[in-house]
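Here is the file input02.tsv (TSV, C-alpha atoms).
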chain	number	residue	atom	x	y	z
A	30	MET	CA	24.47	3.18	-0.86
A	31	SER	CA	26.06	-0.17	-1.65
A	32	GLY	CA	25.22	-3.81	-2.03
A	33	VAL	CA	23.62	-6.19	-4.48
A	34	CYS	CA	19.89	-6.84	-4.34
A	35	ALA	CA	18.23	-9.82	-6.02
A	36	VAL	CA	14.63	-10.00	-7.18
A	37	ILE	CA	13.44	-13.58	-7.79
A	38	CYS	CA	10.77	-13.18	-10.42
A	39	GLU	CA	8.81	-14.25	-13.49
A	40	PHE	CA	7.84	-10.82	-14.91
A	41	ASP	CA	5.27	-12.49	-17.14
A	42	PRO	CA	4.43	-9.78	-18.07
A	43	LEU	CA	6.15	-6.97	-16.16
A	44	HIS	CA	3.55	-4.63	-14.65
A	45	ALA	CA	3.39	-1.69	-12.21
A	46	GLY	CA	3.66	-3.91	-9.11
A	47	HIS	CA	6.85	-5.48	-10.44
A	48	LYS	CA	8.24	-2.01	-11.22
A	49	LYS	CA	7.69	-0.99	-7.58
A	50	VAL	CA	9.77	-3.97	-6.45
A	51	ILE	CA	12.55	-3.05	-8.91
A	52	ASP	CA	12.47	0.60	-7.78
A	53	LEU	CA	12.66	-0.38	-4.09
A	54	ALA	CA	15.62	-2.65	-4.84
A	55	LYS	CA	17.34	0.17	-6.74
A	56	SER	CA	16.79	2.55	-3.83
A	57	THR	CA	18.64	0.26	-1.44
A	58	SER	CA	21.45	-1.25	-3.55
A	59	ASP	CA	24.03	-0.37	-6.17
A	60	VAL	CA	23.26	-3.37	-8.36
A	61	VAL	CA	19.89	-5.04	-8.97
A	62	ILE	CA	19.88	-8.63	-10.21
A	63	ALA	CA	16.77	-10.38	-11.49
A	64	VAL	CA	16.77	-14.16	-11.02
A	65	LEU	CA	14.22	-14.76	-13.75
A	66	SER	CA	12.25	-17.98	-14.22
A	67	GLY	CA	13.06	-19.93	-17.34
A	68	ASN	CA	10.54	-20.77	-20.04
A	69	PHE	CA	8.26	-22.71	-17.68
A	70	THR	CA	6.90	-20.84	-14.69
A	71	GLN	CA	5.70	-21.79	-11.22
A	72	ARG	CA	2.22	-22.58	-12.50
A	73	SER	CA	3.88	-25.30	-14.61
A	74	LEU	CA	2.77	-23.52	-17.76
A	75	PRO	CA	4.84	-22.03	-20.57
A	76	ALA	CA	5.59	-18.38	-19.89
A	77	ALA	CA	3.62	-16.04	-22.15
A	78	PHE	CA	6.92	-14.51	-23.28
A	79	ASP	CA	10.17	-16.45	-23.50
A	80	LYS	CA	12.98	-15.91	-21.00
A	81	TYR	CA	15.11	-13.70	-23.27
A	82	THR	CA	12.18	-11.41	-24.11
A	83	ARG	CA	11.26	-11.05	-20.43
A	84	ALA	CA	14.92	-10.39	-19.60
A	85	ARG	CA	15.05	-7.53	-22.13
A	86	ALA	CA	11.92	-6.07	-20.57
A	87	ALA	CA	13.52	-6.29	-17.11
A	88	ILE	CA	16.58	-4.35	-18.29
A	89	ALA	CA	14.31	-1.75	-19.90
A	90	CYS	CA	12.58	-1.30	-16.53
A	91	GLY	CA	15.71	-0.74	-14.46
A	92	VAL	CA	17.28	-4.13	-13.65
A	93	ASP	CA	21.06	-4.28	-14.16
A	94	LEU	CA	21.65	-8.01	-14.61
A	95	VAL	CA	19.29	-10.87	-15.45
A	96	VAL	CA	20.23	-14.50	-14.85
A	97	GLU	CA	18.00	-17.53	-15.13
A	98	LEU	CA	16.27	-19.62	-12.51
A	99	PRO	CA	16.55	-22.86	-14.51
A	100	PHE	CA	14.05	-25.63	-15.02
A	101	PRO	CA	12.76	-27.55	-13.06
A	102	TRP	CA	13.05	-25.16	-10.08
A	103	SER	CA	11.27	-22.47	-12.12
A	104	SER	CA	8.18	-24.66	-12.46
A	105	SER	CA	8.08	-26.17	-8.98
A	106	GLY	CA	6.01	-25.41	-5.88
A	107	VAL	CA	6.94	-22.60	-3.52
A	108	GLU	CA	9.50	-24.56	-1.48
A	109	PHE	CA	11.71	-25.66	-4.38
A	110	TYR	CA	11.06	-22.50	-6.41
A	111	ALA	CA	12.36	-20.42	-3.49
A	112	PHE	CA	15.24	-22.83	-2.86
A	113	GLY	CA	16.38	-22.61	-6.47
A	114	GLY	CA	15.94	-18.86	-6.72
A	115	VAL	CA	17.73	-18.11	-3.46
A	116	SER	CA	20.56	-20.52	-4.38
A	117	VAL	CA	21.17	-18.68	-7.66
A	118	ALA	CA	20.87	-15.25	-6.02
A	119	LEU	CA	23.37	-16.01	-3.26
A	120	SER	CA	25.74	-17.77	-5.66
A	121	ILE	CA	25.84	-14.68	-7.85
A	122	GLY	CA	26.72	-12.45	-4.89
A	123	ALA	CA	23.41	-10.96	-3.69
A	124	ASP	CA	23.39	-9.64	-0.13
A	125	SER	CA	19.71	-8.68	-0.04
A	126	LEU	CA	16.38	-9.83	-1.43
A	127	CYS	CA	13.42	-7.70	-2.44
A	128	PHE	CA	9.97	-9.15	-3.13
A	129	GLY	CA	6.26	-8.43	-3.25
A	130	SER	CA	3.89	-9.64	-0.56
A	131	GLU	CA	0.26	-9.32	0.45
A	132	CYS	CA	1.09	-8.28	4.03
A	133	GLY	CA	3.82	-5.82	3.03
A	134	ASN	CA	5.67	-6.36	6.32
A	135	VAL	CA	9.00	-8.18	6.64
A	136	ASP	CA	8.59	-8.63	10.40
A	137	ILE	CA	5.29	-10.49	9.91
A	138	ILE	CA	6.88	-12.65	7.24
A	139	LYS	CA	9.79	-13.47	9.58
A	140	LYS	CA	7.40	-14.45	12.38
A	141	ALA	CA	5.34	-16.60	10.01
A	142	SER	CA	8.55	-18.18	8.75
A	143	GLU	CA	9.56	-19.10	12.30
A	144	TYR	CA	6.08	-20.46	13.04
A	145	SER	CA	6.14	-22.61	9.89
A	146	CYS	CA	9.09	-24.53	11.36
A	147	THR	CA	7.27	-25.46	14.58
A	148	PRO	CA	5.83	-28.94	15.25
A	149	VAL	CA	2.36	-27.41	15.64
A	150	PHE	CA	2.39	-26.00	12.12
A	151	ILE	CA	4.02	-29.05	10.54
A	152	ASP	CA	1.47	-31.39	12.11
A	153	ALA	CA	-1.48	-29.26	10.99
A	154	ALA	CA	-0.14	-28.64	7.49
A	155	PHE	CA	1.25	-32.01	6.49
A	156	ASN	CA	0.05	-34.81	8.78
A	157	HIS	CA	-3.37	-35.48	7.29
A	158	PRO	CA	-4.66	-38.80	5.88
A	159	ASN	CA	-3.65	-39.76	2.35
A	160	ASP	CA	-7.28	-40.29	1.44
A	161	SER	CA	-8.30	-36.84	2.67
A	162	GLU	CA	-10.12	-34.65	0.17
A	163	VAL	CA	-8.38	-31.60	1.60
A	164	GLY	CA	-5.61	-30.48	-0.74
A	165	ALA	CA	-2.13	-29.61	0.51
A	166	ALA	CA	-2.57	-25.88	-0.23
A	167	LYS	CA	-5.74	-25.60	1.87
A	168	ALA	CA	-4.18	-27.58	4.70
A	169	ILE	CA	-1.24	-25.16	4.78
A	170	ASP	CA	-3.58	-22.14	4.75
A	171	GLU	CA	-5.51	-23.57	7.68
A	172	ALA	CA	-2.28	-24.28	9.57
A	173	TYR	CA	-1.22	-20.63	9.22
A	174	ARG	CA	-4.64	-19.45	10.39
A	175	LYS	CA	-4.28	-21.58	13.53
A	176	GLY	CA	-1.12	-19.61	14.26
A	177	GLY	CA	-2.89	-16.29	13.78
A	178	PHE	CA	-1.50	-15.56	10.30
A	179	SER	CA	-3.50	-14.59	7.22
A	180	ILE	CA	-1.08	-15.57	4.48
A	181	GLY	CA	-1.41	-14.86	0.75
A	182	LYS	CA	0.33	-16.57	-2.17
A	183	ASN	CA	3.17	-14.06	-2.33
A	184	ASP	CA	3.55	-14.16	1.46
A	185	LYS	CA	4.06	-17.94	1.26
A	186	LEU	CA	6.78	-17.46	-1.32
A	187	ALA	CA	8.45	-14.77	0.81
A	188	ILE	CA	8.38	-17.12	3.81
A	189	GLU	CA	10.16	-19.77	1.77
A	190	TYR	CA	12.77	-17.22	0.64
A	191	LEU	CA	13.62	-16.49	4.27
A	192	LYS	CA	13.75	-20.18	5.16
A	193	SER	CA	16.01	-20.92	2.18
A	194	VAL	CA	18.41	-18.15	3.21
A	195	LEU	CA	18.48	-19.53	6.76
A	196	ARG	CA	19.23	-23.04	5.53
A	197	SER	CA	22.01	-21.73	3.27
A	198	GLY	CA	24.02	-20.60	6.27
A	199	CYS	CA	24.63	-17.18	4.71
A	200	GLU	CA	24.63	-14.40	7.27
A	201	GLY	CA	23.88	-10.73	6.90
A	202	ILE	CA	21.26	-11.12	4.15
A	203	THR	CA	18.63	-8.38	4.41
A	204	PHE	CA	15.06	-8.31	3.13
A	205	SER	CA	12.62	-5.69	1.88
A	206	THR	CA	9.10	-5.99	0.53
A	207	VAL	CA	6.45	-4.10	-1.40
A	208	LYS	CA	2.81	-4.54	-0.41
A	209	ARG	CA	0.78	-6.01	-3.26
A	210	ASP	CA	-2.18	-3.92	-4.43
A	211	ASN	CA	-5.04	-6.40	-4.78
A	212	ASP	CA	-7.18	-3.83	-6.62
A	213	VAL	CA	-4.76	-3.78	-9.55
A	214	PRO	CA	-4.76	-6.63	-12.12
A	215	GLY	CA	-1.91	-9.06	-11.55
A	216	ALA	CA	0.17	-10.95	-14.08
A	217	SER	CA	-2.32	-13.82	-14.35
A	218	ASP	CA	-5.15	-11.38	-15.08
A	219	ILE	CA	-3.07	-9.66	-17.75
A	220	ARG	CA	-2.18	-12.99	-19.37
A	221	GLU	CA	-5.88	-13.85	-19.59
A	222	ILE	CA	-6.54	-10.57	-21.38
A	223	ILE	CA	-3.65	-11.16	-23.78
A	224	SER	CA	-4.83	-14.71	-24.48
A	225	GLY	CA	-8.39	-13.66	-25.18
A	226	LYS	CA	-8.07	-10.23	-26.79
A	227	GLY	CA	-4.44	-9.83	-27.83
A	228	LEU	CA	-1.43	-7.98	-26.47
A	229	SER	CA	-2.67	-4.50	-27.40
A	230	SER	CA	-5.72	-4.94	-25.15
A	231	ALA	CA	-3.43	-5.17	-22.12
A	232	LYS	CA	-1.20	-2.21	-23.06
A	233	ASP	CA	-2.38	0.03	-20.21
A	234	LEU	CA	-1.71	-2.71	-17.63
A	235	ILE	CA	1.93	-3.33	-18.64
A	236	GLU	CA	4.88	-1.07	-17.89
A	237	PRO	CA	5.42	1.09	-21.03
A	238	GLU	CA	9.09	0.11	-21.46
A	239	ALA	CA	8.20	-3.55	-21.10
A	240	TYR	CA	5.29	-3.27	-23.53
A	241	GLU	CA	7.65	-1.86	-26.14
A	242	VAL	CA	9.75	-5.02	-25.83
A	243	TYR	CA	6.77	-7.39	-25.90
A	244	SER	CA	5.33	-5.72	-28.98
A	245	SER	CA	8.60	-5.85	-30.94
A	246	GLU	CA	8.96	-8.13	-33.96
A	247	SER	CA	11.41	-10.40	-32.15
A	248	ALA	CA	8.97	-11.20	-29.31
A	249	VAL	CA	7.05	-14.47	-29.69
A	250	LEU	CA	4.03	-15.46	-27.62
A	251	SER	CA	3.52	-18.97	-26.29
A	252	TYR	CA	0.13	-20.50	-25.68
A	253	ARG	CA	-1.22	-22.56	-22.81
A	254	ASP	CA	-3.58	-24.28	-25.26
A	255	ARG	CA	-0.65	-25.75	-27.17
A	256	PHE	CA	0.98	-27.06	-24.01
A	257	GLU	CA	-2.27	-28.72	-22.96
A	258	LEU	CA	-2.71	-30.30	-26.40
A	259	ILE	CA	0.81	-31.75	-26.33
A	260	SER	CA	0.25	-33.06	-22.80
A	261	PHE	CA	-3.07	-34.67	-23.76
A	262	LEU	CA	-1.56	-36.39	-26.79
A	263	TYR	CA	1.37	-37.60	-24.71
A	264	PHE	CA	-0.79	-39.30	-22.11
A	265	ARG	CA	-3.36	-40.52	-24.62
A	266	PHE	CA	-0.96	-42.13	-27.09
A	267	PHE	CA	2.71	-42.15	-26.06
A	268	PHE	CA	3.25	-42.53	-22.31
A	269	ASP	CA	4.10	-46.07	-21.14
A	270	GLY	CA	2.39	-45.64	-17.78
A	271	ASP	CA	5.53	-45.86	-15.64
A	272	PHE	CA	5.43	-43.03	-13.10
A	273	LYS	CA	8.13	-44.53	-10.88
A	274	GLY	CA	10.29	-41.76	-9.52
A	275	ILE	CA	8.42	-38.95	-11.30
A	276	PHE	CA	8.04	-36.06	-8.90
A	277	GLU	CA	4.48	-34.83	-8.19
A	278	ALA	CA	2.96	-37.86	-9.95
A	279	SER	CA	2.64	-40.01	-6.83
A	280	GLY	CA	-0.42	-40.57	-4.68
A	281	GLY	CA	-2.63	-41.45	-7.60
A	282	VAL	CA	-2.02	-38.24	-9.57
A	283	GLY	CA	-0.24	-40.02	-12.42
A	284	ASN	CA	-2.89	-42.70	-12.78
A	285	ARG	CA	-5.56	-40.02	-12.76
A	286	LEU	CA	-3.84	-38.33	-15.69
A	287	LEU	CA	-3.81	-41.59	-17.65
A	288	LYS	CA	-7.44	-42.43	-16.92
A	289	THR	CA	-8.62	-38.91	-17.66
A	290	ALA	CA	-6.71	-38.82	-20.95
A	291	ALA	CA	-8.33	-42.08	-22.00
A	292	SER	CA	-11.84	-40.78	-21.27
A	293	SER	CA	-11.44	-37.24	-22.65
A	294	GLU	CA	-12.32	-36.19	-26.19
A	295	THR	CA	-10.16	-33.04	-26.22
A	296	HIS	CA	-7.21	-31.55	-24.39
A	297	ARG	CA	-9.44	-28.91	-22.79
A	298	VAL	CA	-11.67	-31.58	-21.31
A	299	PHE	CA	-8.59	-33.52	-20.20
A	300	PHE	CA	-7.16	-30.83	-17.93
A	301	ALA	CA	-10.54	-29.55	-16.76
A	302	SER	CA	-11.51	-33.07	-15.66
A	303	ALA	CA	-8.19	-34.08	-14.10
A	304	SER	CA	-8.09	-31.50	-11.31
A	305	THR	CA	-10.00	-32.08	-8.05
A	306	LYS	CA	-10.36	-30.45	-4.64
A	307	LYS	CA	-7.36	-32.47	-3.51
A	308	TYR	CA	-5.25	-32.06	-6.66
A	309	THR	CA	-5.05	-28.44	-7.82
A	310	ASP	CA	-4.64	-27.35	-11.42
A	311	SER	CA	-0.99	-26.54	-10.73
A	312	ARG	CA	-0.33	-29.98	-9.22
A	313	ILE	CA	-1.94	-31.71	-12.20
A	314	ARG	CA	0.00	-29.62	-14.72
A	315	ARG	CA	3.24	-30.12	-12.79
A	316	ALA	CA	2.75	-33.89	-12.78
A	317	ALA	CA	2.10	-33.79	-16.53
A	318	LEU	CA	5.10	-31.58	-17.26
A	319	TYR	CA	7.48	-33.58	-15.06
A	320	SER	CA	6.26	-36.85	-16.60
A	321	MET	CA	6.97	-35.61	-20.12
A	322	ILE	CA	10.48	-34.45	-19.21
A	323	GLY	CA	11.32	-37.07	-16.58
A	324	VAL	CA	11.85	-34.89	-13.51
A	325	LYS	CA	12.62	-36.66	-10.22
A	326	LYS	CA	12.54	-35.18	-6.73
A	327	SER	CA	16.32	-35.53	-6.53
A	328	ASP	CA	16.56	-33.08	-9.44
A	329	LEU	CA	15.12	-30.39	-7.17
A	330	THR	CA	16.75	-31.14	-3.82
A	331	SER	CA	20.20	-30.17	-5.11
A	332	PRO	CA	20.76	-26.48	-5.93
A	333	PRO	CA	21.18	-25.30	-9.52
A	334	SER	CA	24.78	-25.73	-10.62
A	335	PHE	CA	24.39	-23.35	-13.56
A	336	THR	CA	22.52	-20.28	-14.68
A	337	TYR	CA	22.22	-18.58	-18.05
A	338	LEU	CA	23.12	-14.92	-18.45
A	339	LEU	CA	19.98	-13.57	-20.13
A	340	ALA	CA	20.57	-9.82	-20.21
A	341	ALA	CA	22.69	-7.02	-18.74
A	342	ASN	CA	23.35	-3.30	-18.95
A	343	ASP	CA	26.79	-1.73	-18.47
A	344	LYS	CA	26.51	-1.78	-14.69
A	345	GLY	CA	25.48	-5.43	-14.75
A	346	ARG	CA	28.32	-6.37	-17.09
A	347	ASN	CA	30.84	-4.57	-14.90
A	348	TYR	CA	29.50	-6.30	-11.80
A	349	LEU	CA	29.74	-9.71	-13.43
A	350	SER	CA	33.29	-9.06	-14.63
A	351	GLN	CA	34.38	-7.92	-11.16
A	352	LEU	CA	32.65	-10.79	-9.39
A	353	GLY	CA	35.52	-13.12	-10.17
A	354	LYS	CA	34.78	-16.81	-9.93
A	355	ALA	CA	31.10	-17.13	-9.03
A	356	LYS	CA	29.82	-20.02	-6.94
A	357	ILE	CA	27.69	-21.06	-9.90
A	358	HIS	CA	28.53	-21.72	-13.56
A	359	VAL	CA	27.30	-18.70	-15.58
A	360	ILE	CA	26.59	-19.69	-19.18
A	361	THR	CA	26.86	-16.85	-21.68
A	362	LYS	CA	27.24	-18.86	-24.91
A	363	PRO	CA	26.84	-22.49	-26.09
A	364	SER	CA	30.53	-23.24	-25.59
A	365	ASP	CA	30.11	-22.38	-21.89
A	366	VAL	CA	27.77	-25.32	-21.32
A	367	PRO	CA	29.53	-27.51	-18.72
A	368	SER	CA	29.84	-31.26	-18.76
A	369	ASP	CA	29.54	-33.55	-15.73
A	370	PRO	CA	28.47	-33.33	-12.93
A	371	VAL	CA	25.68	-31.01	-14.08
A	372	SER	CA	24.97	-32.66	-17.43
A	373	ARG	CA	21.60	-33.97	-16.21
A	374	GLN	CA	20.57	-30.49	-15.09
A	375	ILE	CA	21.48	-29.12	-18.51
A	376	ALA	CA	19.62	-31.96	-20.24
A	377	LEU	CA	16.42	-31.22	-18.32
A	378	GLU	CA	16.73	-27.52	-19.15
A	379	MET	CA	17.18	-28.27	-22.85
A	380	LYS	CA	14.17	-30.63	-22.92
A	381	ALA	CA	12.01	-27.98	-21.27
A	382	ASP	CA	13.17	-25.37	-23.79
A	383	GLU	CA	12.35	-27.65	-26.72
A	384	LEU	CA	8.88	-28.32	-25.32
A	385	TYR	CA	8.41	-24.59	-24.87
A	386	SER	CA	9.44	-23.99	-28.48
A	387	LEU	CA	6.52	-26.15	-29.62
A	388	CYS	CA	4.14	-24.04	-27.55
A	389	CYS	CA	5.05	-20.85	-29.43
A	390	ASP	CA	3.28	-19.34	-32.40
A	391	PRO	CA	4.88	-19.99	-34.75
A	392	PRO	CA	6.75	-22.95	-33.21
A	393	ALA	CA	10.44	-22.21	-32.86
A	394	PRO	CA	13.03	-24.41	-34.59
A	395	TYR	CA	14.97	-27.04	-32.67
A	396	GLY	CA	17.84	-25.62	-30.63
A	397	ARG	CA	16.63	-22.03	-30.68
A	398	PHE	CA	17.46	-21.32	-27.03
A	399	ILE	CA	20.79	-23.08	-26.87
A	400	ARG	CA	21.86	-20.82	-29.74
A	401	SER	CA	20.51	-17.63	-28.16
A	402	SER	CA	22.79	-14.88	-26.89
A	403	PRO	CA	22.16	-12.60	-23.93
A	404	PHE	CA	20.74	-9.13	-24.54
A	405	ILE	CA	23.38	-6.50	-23.78
A	406	LYS	CA	22.26	-2.91	-23.48
This structure in structure tokens:
Amino acid sequence: MSGVCAVICEFDPLHAGHKKVIDLAKSTSDVVIAVLSGNFTQRSLPAAFDKYTRARAAIACGVDLVVELPFPWSSSGVEFYAFGGVSVALSIGADSLCFGSECGNVDIIKKASEYSCTPVFIDAAFNHPNDSEVGAAKAIDEAYRKGGFSIGKNDKLAIEYLKSVLRSGCEGITFSTVKRDNDVPGASDIREIISGKGLSSAKDLIEPEAYEVYSSESAVLSYRDRFELISFLYFRFFFDGDFKGIFEASGGVGNRLLKTAASSETHRVFFASASTKKYTDSRIRRAALYSMIGVKKSDLTSPPSFTYLLAANDKGRNYLSQLGKAKIHVITKPSDVPSDPVSRQIALEMKADELYSLCCDPPAPYGRFIRSSPFIK
């Protein structure tokens, strides 16, 4: 057995389904790397547990090396999330990818990936009137159905992984997948339990080694409610109304945020009222998050030029030391932070981390993450 397998992930929190993906990766490769989302996840919400806590849990559950999928790729839709994750994985030397999927079949995912590049799919998925009440996600689902594919959320992400690898020009990359068990609570279900009843109520749904990390004194929870309050206050009192260039805020989304903030009494009403059939909760939150931090589409179309080392065991450390000069800047300490040409990327990451710090309980002090060191087992 040889090779390096990457798992692009959030692990928020790490449950039995995630452990199956890790175990499959370990069964096929010498080294398993987790490309772990930063402090803001694909739902454009603060992760329940910060990136260093989730990285420790990943090591405890069998991963050898954990590097970060930085902001804003970590909080973007499937296309840019996959692009960022695959870019980091390939730059750090991965020659295979392992992921979860609803269909559990790589061949089906490959066929769906090929179909998604055809004019028939593109026309059905994206060429609909701007004033249509049909949201982008539903249009894409319908386009897949026209091609004979029943595609779930994880399948869509897997399709984008394959497309990103193809566009990278890298050859010889292999893929493996674990079929998702829909009868078992997923990460979003577990987060709801934690939010409503506390971490201990979700103990049986989290991998034991991961739960031990999450329940340690050093682990700090973040709260969606705090993020929504900050967002509401921003749009109600502080935003100047200029959405020019802000990614995901076009097409009336930004103006809807402003109008809804002005007519809402509380932050809960604000977000509940802003989403529509056309604009999903994730789209609304992403527009809010990117407005607060100033994210432009051009920030996502270039690959990440850096990644943070978040955690490693001995095997992971040895792999990193033998890798030589990686195709990406690996930051292990504050003095490793590069200057131009990636200074804007670093600035966006730091802004996101500071916003995340305010969503924690208790709020973390300024500069907490830039001063953090990777967990070494």
Hey, which bits of segment 174-280 of chain A sit within 10 Å of segment 284-296 of chain A, and for each residue what's the closest pair of atoms and how far apart in Å (one decimal), counting all atoms listed in the file, rows by chain and increasing number, as a tab-separated table?
residue	atom	partner	partner_atom	distance
A:Asp254	CA	A:His296	CA	8.2
A:Arg255	CA	A:His296	CA	9.2
A:Phe256	CA	A:His296	CA	9.3
A:Glu257	CA	A:His296	CA	5.9
A:Leu258	CA	A:His296	CA	5.1
A:Ile259	CA	A:His296	CA	8.3
A:Ser260	CA	A:His296	CA	7.8
A:Phe261	CA	A:His296	CA	5.2
A:Leu262	CA	A:His296	CA	7.8
A:Tyr263	CA	A:Ala290	CA	9.0
A:Phe264	CA	A:Leu287	CA	5.9
A:Arg265	CA	A:Ala290	CA	5.3
A:Phe266	CA	A:Ala291	CA	9.0
A:Phe268	CA	A:Leu287	CA	8.5
A:Asp269	CA	A:Leu287	CA	9.7
A:Gly270	CA	A:Leu287	CA	7.4
A:Asp271	CA	A:Asn284	CA	9.4
A:Phe272	CA	A:Asn284	CA	8.3
A:Ala278	CA	A:Asn284	CA	8.1
A:Ser279	CA	A:Asn284	CA	8.6
A:Gly280	CA	A:Asn284	CA	8.7
Would you put the residues from that selection into a file with C-alpha atoms, as a PDB file, in the coordinates of the input?
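Output file result_39.pdb is given in full below:
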ATOM      1  CA  ASP A 254      -3.580 -24.280 -25.260  1.00  0.00           C
ATOM      2  CA  ARG A 255      -0.650 -25.750 -27.170  1.00  0.00           C
ATOM      3  CA  PHE A 256       0.980 -27.060 -24.010  1.00  0.00           C
ATOM      4  CA  GLU A 257      -2.270 -28.720 -22.960  1.00  0.00           C
ATOM      5  CA  LEU A 258      -2.710 -30.300 -26.400  1.00  0.00           C
ATOM      6  CA  ILE A 259       0.810 -31.750 -26.330  1.00  0.00           C
ATOM      7  CA  SER A 260       0.250 -33.060 -22.800  1.00  0.00           C
ATOM      8  CA  PHE A 261      -3.070 -34.670 -23.760  1.00  0.00           C
ATOM      9  CA  LEU A 262      -1.560 -36.390 -26.790  1.00  0.00           C
ATOM     10  CA  TYR A 263       1.370 -37.600 -24.710  1.00  0.00           C
ATOM     11  CA  PHE A 264      -0.790 -39.300 -22.110  1.00  0.00           C
ATOM     12  CA  ARG A 265      -3.360 -40.520 -24.620  1.00  0.00           C
ATOM     13  CA  PHE A 266      -0.960 -42.130 -27.090  1.00  0.00           C
ATOM     14  CA  PHE A 268       3.250 -42.530 -22.310  1.00  0.00           C
ATOM     15  CA  ASP A 269       4.100 -46.070 -21.140  1.00  0.00           C
ATOM     16  CA  GLY A 270       2.390 -45.640 -17.780  1.00  0.00           C
ATOM     17  CA  ASP A 271       5.530 -45.860 -15.640  1.00  0.00           C
ATOM     18  CA  PHE A 272       5.430 -43.030 -13.100  1.00  0.00           C
ATOM     19  CA  ALA A 278       2.960 -37.860  -9.950  1.00  0.00           C
ATOM     20  CA  SER A 279       2.640 -40.010  -6.830  1.00  0.00           C
ATOM     21  CA  GLY A 280      -0.420 -40.570  -4.680  1.00  0.00           C
TER      22      GLY A 280
END
Find the residues with any atom within 9 Å of (-0.2, -8.4, -12.9); use all atoms listed in the file and the coordinates as given in the file, and write the answer as a short mmCIF file (atom, residue, chain, number, x, y, z; two decimals) with C-alpha atoms, in the coordinates of the input.
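Now in result_0.cif:
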data_model
loop_
_atom_site.label_atom_id
_atom_site.label_comp_id
_atom_site.auth_asym_id
_atom_site.auth_seq_id
_atom_site.Cartn_x
_atom_site.Cartn_y
_atom_site.Cartn_z
CA PHE A 40 7.84 -10.82 -14.91
CA ASP A 41 5.27 -12.49 -17.14
CA PRO A 42 4.43 -9.78 -18.07
CA LEU A 43 6.15 -6.97 -16.16
CA HIS A 44 3.55 -4.63 -14.65
CA ALA A 45 3.39 -1.69 -12.21
CA GLY A 46 3.66 -3.91 -9.11
CA HIS A 47 6.85 -5.48 -10.44
CA VAL A 213 -4.76 -3.78 -9.55
CA PRO A 214 -4.76 -6.63 -12.12
CA GLY A 215 -1.91 -9.06 -11.55
CA ALA A 216 0.17 -10.95 -14.08
CA SER A 217 -2.32 -13.82 -14.35
CA ASP A 218 -5.15 -11.38 -15.08
CA ILE A 219 -3.07 -9.66 -17.75
CA ARG A 220 -2.18 -12.99 -19.37
CA LEU A 234 -1.71 -2.71 -17.63
CA ILE A 235 1.93 -3.33 -18.64
#
Find the nearest atom pair between each residue of segment 132-227 of chain A and segment 112-124 of chain A for residues within 7 Å, count only C-alpha atoms, give distances in Å to one decimal, sort rows by chain and ascending number, and present the table as a tab-separated table.
residue	atom	partner	partner_atom	distance
A:Tyr190	CA	A:Val115	CA	6.5
A:Ser193	CA	A:Phe112	CA	5.4
A:Val194	CA	A:Val115	CA	6.7
A:Ile202	CA	A:Asp124	CA	5.0
A:Thr203	CA	A:Asp124	CA	6.7
For atom CA of Gly32 of chain A and atom CA of Ser58 of chain A, quote the distance in Å rounded to one decimal.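 That distance, rounded to one decimal, is 4.8 Å.
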Have a look at A:Ser73, A:Pro101, A:Phe398, A:Leu339 and name the one nearest to Thr309 of chain A; count all atoms listed in the file.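 Between A:Ser73, A:Pro101, A:Phe398, A:Leu339, the residue approaching Thr309 of chain A most closely is A:Ser73.
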